[in-house]
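Colleague: Following this message is one structure expressed as C-alpha cells.
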Amino acid sequence: MIKTRFAPSPTGYLHIGGLRGALYPYLFAKQHKGKFVLRLEDTDQSRYVKGAVENIIQTLQKIGLEWDEGPYLDKTLNIKQKGRFGPYFQSQRLPIYQQYAQKLIDSGQAYYCFCSTDRLEKLRQLQQGQNQPSKYDGCCRRLTEKYKSAKFKIQNSKLLVNDRPAVIRLKIPQSGEVRFNDLIRGEVKIQMEDIDDQVLIKSDGFPTYHLAVVIDDHLMGITHVIRGEEWISSTPKHILLYQFLNWDLPKFAHLPLLLNKDRSKLSKRQGDVAAEDYLKKGYLPEALLNYVALLGWHPSDDRELFRLKELIKNFDLSRVQKAGAIFDSDKLNWFNCFYIKNKPDKELLRLAKKFLPDVPDKLLDKILKVEKSRLSYLAEICDRAGYFLNLADYEPEILIFKKSDGGTARLALEKVMDRLNGLKKWQPEKIKQALAAVVQENRLTNGDVFWPVRVALSGLKQSPPPEEIMAVLEKDESLTRIQSALDKLKK
RNA sequence: GCCGGGUUCGUCUAGUGGCUAGGACGCCAGGUUCUCAUCCUGGUAACACGGGUUCGAUUCCCGUACCCGGUACCA
C-alpha cells in the first residue's frame, strides 16, 4: 500500500510552500487509495516556535487535508479535538533513534566523535580559506576500533561514552558513489567523497533530521518520500542509512521550491506567506488549494479548475515541474473570485458573517448577492458593505452625469421619486422598469436618470446598478436617500 | 570555493526532431452597461547563450551564463 507523509518542523507557521509540500504527498497517497501521515520533526529544541504545531495542524484541517493515522491528540496542545488523530512527534520517540544509533555503532557503520564545536569551526574556516569543500576530516574515525564495543548513555540530556561527551557520526564509505532515481528529476548521482560524515545523534541525545527521518519513514512504512528540493543533496546519506540498516528503499520525489517575486526562496520577508493569513482574509480553502496545486504541477490539457476530489483524480507526480515557481497572488485572486462567485448564497453568508458579525443575516445576505462578483477575498466585504449600512457624505457635483447638467439631474430625481412612491412591488425588475419609464416619458437618456439615482443611493461614482442597491435598502431608505440628494442639489 | 539541481510570454504552464510554439493570470482594446464588477470578443508577449549531431533543432549531446538548493551537534 502506498503511504506518504508531510513532515514539517515546527519552526514557524505553515506557509504556502508548506501547504503545497503537504498537498502533493496527500494527493499522491489518496489517488492510490493509500495513507497520508503527519509527522512533526521537532528534534531541534532551540528552533521550536511556540504555536507553530497548533498552526500547522489547524491550517491543514481547515484546508481539508486530513491524515490517516497517528497517536491521539495530546491534551497539552491547544487544539479542538477535531481530527481523530494527532501527528507523530519525533521528540517523543527518542529511545527509538538511540537504539538504532547504537546498532550502527555496533556494526561499525557509525562512530563516536569527541571533537569540540570549536575545533569543527576552525576546521571549516581553514577549509573555506583554502577553497576546499568544507567537510568533517574524519579525525575520530581512527577511534572506531577503540570504542567499537562501547555503549553510550544519555545522562541529563548529554550523550556520554565512557563518561565523555560525544556525538555519533555516520561513517561514509571512502569511495564509490550513490545513485538514486528521483520520480521527478530522474537519476541523480553523488560521489561518496562529496558526502560528509553526518552527525546522527547530537550531544544532547536528540537525533538529527537525517537519522530520524530514515528511521521514521521506515518504521511508519512510508513508500514514497515526497519532499522539498532542499533535501536532494542529503538523500545519499539517507540511502546509505537504509542500506546500513538493511531496509528497503522508499521512492524519492523532490519537489521544486516556491519562490518570491525576486526568485529567492519563499520567505516571510516579502509579504505574507502564512496560509493562515490568507484564510483569515477570506480566501477560500478550495481557491488556495486549487492555486497551490497548479504551482508546479499541470495536467496535460488546459484545465485549471480543480476541487480537492478532482485533484486527487487528476494529479500526476511525474508531471510535476522541475524548476521553482514564483508565488504570484494575482492568479490566486482570480481563483478566489471564481470560487466566491460560485459559492451557494447560504454558505457564503455563513463565511461572511465572521467579517460583519453585527449585520443581520437577512441584510448581509442581500448585500452579498449584490457584491459577490466584486470581491477578491471575503474581508473586502467590510468596505464594500459600507454604503449599504451608512451613506457617507458626498459632493453634490458627483450627482450630475458627465453628459448632463444639474437641472436635468434634479428633474430626473424628482420624477423618479414620484414613480417610486407609487410603486407597489419593491423588486429589482419593477424598479428598473420605473426608472426606464422616467427616461422615456421625459425624453432623457439612461445616464441622465440612472447615474444620479445611483449616486444618490451609494454616494459613489462607481457602484452596482441602482435597482440592485434599492432592493437591498428597501423602499423607505431608498427614497430618503434620493430626497436628500435632491436637497443637496437645491442648495 | 566545492557538490547538486534548474532555465518556454511579466507570472503559472502546454508542447514537438519539421506547428503561425498553445492555454490561463496580468495588461491593453472593443462589446454589453448610467458607472463599477461580472460576462463576451480580440490583442500583447517566450523557447537564456554558444557550439555540435541532423536535411532540419525550442526539443538530443557538450560547453557557457545566470538562478536556486546544499555545504551545521537546523530542519
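By convention here, the chains of the C-alpha cells are called A, B, ... in the order presented, each chain's residues are numbered starting at 1, and ligands are numbered starting at 1 in the order presented.
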Identify, on the basis of only C-alpha atoms (C1' of nucleotides), every residue whose closest approach to A46 (chain B) does not exceed 10 Å; exclude the query and any residue fewer than 3 positions from it along the same chain; express the result as a compact mmCIF listing (two decimals) with N, CA and C atoms (P, O5', C5', C4', C3', O3' and C1' of nucleotides), in the first residue's frame.
Modeller:
# COMPACT_ATOMS: atom_id res chain seq x y z
P U B 8 11.82 28.44 -18.33
O5' U B 8 11.34 28.42 -19.85
C5' U B 8 12.13 29.04 -20.86
C4' U B 8 11.25 29.28 -22.05
C3' U B 8 10.04 30.17 -21.77
O3' U B 8 10.38 31.53 -21.85
C1' U B 8 9.35 28.24 -22.95
P C B 9 9.97 32.49 -20.70
O5' C B 9 8.54 33.01 -21.17
C5' C B 9 7.96 34.15 -20.56
C4' C B 9 7.43 35.04 -21.66
C3' C B 9 6.58 36.21 -21.14
O3' C B 9 7.13 37.45 -21.59
C1' C B 9 5.45 35.02 -22.87
P A B 21 5.32 29.21 -34.65
O5' A B 21 4.32 29.22 -33.40
C5' A B 21 3.36 28.20 -33.23
C4' A B 21 3.52 27.58 -31.87
C3' A B 21 3.13 28.46 -30.68
O3' A B 21 1.73 28.47 -30.50
C1' A B 21 5.18 27.42 -30.23
Colleague: Extract, using only C-alpha atoms (C1' of nucleotides), all DNA, RNA and protein residues at most 12 Å from G56 (chain B), discarding same-chain residues fewer than 2 positions from it, and format them as a PDB file with C-alpha atoms (C1' of nucleotides), in the first residue's frame.
Modeller:
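Saved file around-v8.pdb follows:
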ATOM      1  C1'   G B  17      13.294  16.307 -34.323  1.00  0.00           C
ATOM      2  C1'   G B  18       9.705  19.983 -39.167  1.00  0.00           C
ATOM      3  C1'   U B  53      24.519  15.841 -34.039  1.00  0.00           C
ATOM      4  C1'   U B  54      20.940  16.295 -38.094  1.00  0.00           C
TER       5        U B  54
END
Colleague: Residues of chain A within 7 Å of chain B, counting only C-alpha atoms (C1' of nucleotides), what are they? List them as a PyMOL selection string.
Modeller: chain A and resi 9+128+131-134+167+194+199+202-203+209+229-230+233+295+298+300+302+322-323+328+330-331+373-374+446-447+450-451+461-464
Colleague: With distances taken over only C-alpha atoms, which of A:Ala29, A:Ala150, A:Cys139, A:Val213 is nearest to Leu311 (chain A)?
Modeller: A:Ala29
Colleague: So which residues touch region 256-263 of chain A within 7 Å, counting only C-alpha atoms (C1' of nucleotides), skipping near sequence neighbours fewer than 5 positions away, as a count of residues only?
Modeller: 10
Colleague: Can you tell me, as a PyMOL selection string, what residues are no more than 10 Å from Ile154 (chain A) when counting only C-alpha atoms (C1' of nucleotides), ignoring any on the same chain fewer than 4 positions away?
Modeller: chain A and resi 95+98+158-161+163+165+203-206
Colleague: Taking the chain letters and numbering used in this document, name the residues of region 302-442 of chain A that DSSP puts in alpha helix (DSSP H), as an MDAnalysis selection string.
Modeller: chainID A and resid 308:314 329:341 345:352 361:371 381:384 386:389 406:421 428:441
Colleague: Produce a file of the selected residues containing C-alpha atoms, as a compact mmCIF listing (two decimals), in the first residue's frame.
Modeller:
# COMPACT_ATOMS: atom_id res chain seq x y z
CA LEU A 308 -9.80 18.60 -3.98
CA LYS A 309 -11.53 15.45 -5.21
CA GLU A 310 -10.66 16.26 -8.79
CA LEU A 311 -7.09 16.97 -7.86
CA ILE A 312 -6.85 13.54 -6.28
CA LYS A 313 -8.11 12.02 -9.50
CA ASN A 314 -6.00 14.06 -11.89
CA SER A 329 -1.08 36.43 -5.79
CA ASP A 330 -2.80 37.85 -8.90
CA LYS A 331 -3.81 34.45 -10.03
CA LEU A 332 -4.76 33.40 -6.53
CA ASN A 333 -7.15 36.34 -6.50
CA TRP A 334 -8.65 35.19 -9.74
CA PHE A 335 -9.25 31.70 -8.36
CA ASN A 336 -10.72 33.15 -5.21
CA CYS A 337 -13.07 35.43 -7.17
CA PHE A 338 -14.22 32.44 -9.11
CA TYR A 339 -14.94 30.34 -6.06
CA ILE A 340 -16.67 33.20 -4.26
CA LYS A 341 -18.93 33.84 -7.25
CA ASP A 345 -25.58 32.02 -1.06
CA LYS A 346 -26.23 30.26 2.21
CA GLU A 347 -22.65 29.18 2.59
CA LEU A 348 -21.25 32.50 1.55
CA LEU A 349 -23.40 34.15 4.19
CA ARG A 350 -22.05 31.82 6.85
CA LEU A 351 -18.48 32.62 5.84
CA ALA A 352 -19.00 36.37 5.53
CA ASP A 361 -28.29 37.83 8.33
CA LYS A 362 -31.09 38.90 6.06
CA LEU A 363 -29.42 42.17 5.17
CA LEU A 364 -25.96 40.69 4.81
CA ASP A 365 -27.35 38.03 2.52
CA LYS A 366 -28.77 40.69 0.22
CA ILE A 367 -25.58 42.70 0.26
CA LEU A 368 -23.56 39.61 -0.62
CA LYS A 369 -25.76 38.78 -3.58
CA VAL A 370 -25.09 42.24 -4.97
CA GLU A 371 -21.39 42.44 -4.12
CA ILE A 381 -16.98 42.93 2.17
CA CYS A 382 -16.33 45.20 5.16
CA ASP A 383 -15.54 48.12 2.89
CA ARG A 384 -17.93 47.18 0.16
CA GLY A 386 -20.18 50.46 3.81
CA TYR A 387 -22.70 52.47 1.82
CA PHE A 388 -25.45 49.94 2.40
CA LEU A 389 -25.12 50.43 6.14
CA GLY A 406 -27.78 69.97 -12.72
CA GLY A 407 -31.26 70.83 -13.88
CA THR A 408 -31.66 67.51 -15.59
CA ALA A 409 -30.40 65.66 -12.54
CA ARG A 410 -32.96 67.39 -10.37
CA LEU A 411 -35.75 66.73 -12.79
CA ALA A 412 -34.76 63.09 -13.05
CA LEU A 413 -34.63 62.62 -9.30
CA GLU A 414 -37.97 64.30 -8.81
CA LYS A 415 -39.65 62.18 -11.42
CA VAL A 416 -38.05 59.08 -10.01
CA MET A 417 -39.33 59.97 -6.54
CA ASP A 418 -42.86 60.26 -7.91
CA ARG A 419 -42.67 56.98 -9.73
CA LEU A 420 -41.13 55.02 -6.92
CA ASN A 421 -43.51 56.42 -4.36
CA PRO A 428 -35.33 45.00 -8.87
CA GLU A 429 -37.14 44.41 -12.17
CA LYS A 430 -40.03 46.67 -11.21
CA ILE A 431 -37.71 49.39 -10.00
CA LYS A 432 -35.70 49.20 -13.19
CA GLN A 433 -38.88 49.46 -15.23
CA ALA A 434 -39.87 52.53 -13.27
CA LEU A 435 -36.55 54.20 -13.98
CA ALA A 436 -36.81 53.28 -17.65
CA ALA A 437 -40.24 54.82 -17.74
CA VAL A 438 -38.87 58.07 -16.36
CA VAL A 439 -36.27 58.05 -19.13
CA GLN A 440 -38.88 57.55 -21.81
CA GLU A 441 -41.55 59.93 -20.60
Colleague: How many Å separate CA of Ile168 (chain A) from CA of Gln191 (chain A)?
Modeller: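 We find that CA of Ile168 (chain A) and CA of Gln191 (chain A) lie 22.1 Å from each other.
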Colleague: Where does DSSP see strand (DSSP E) in region 194-429 of chain A, if you list the residues as a list in words?
Modeller: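 Residues of region 194-429 of chain A classed as strand (DSSP E): Val199, Leu200, Ile201, His224, Val225, Ile226, Arg227, Gly228, Lys251, Phe252, Ala253, His254, Leu255, Leu258, Leu259, Ala325 and Ile326 of chain A.
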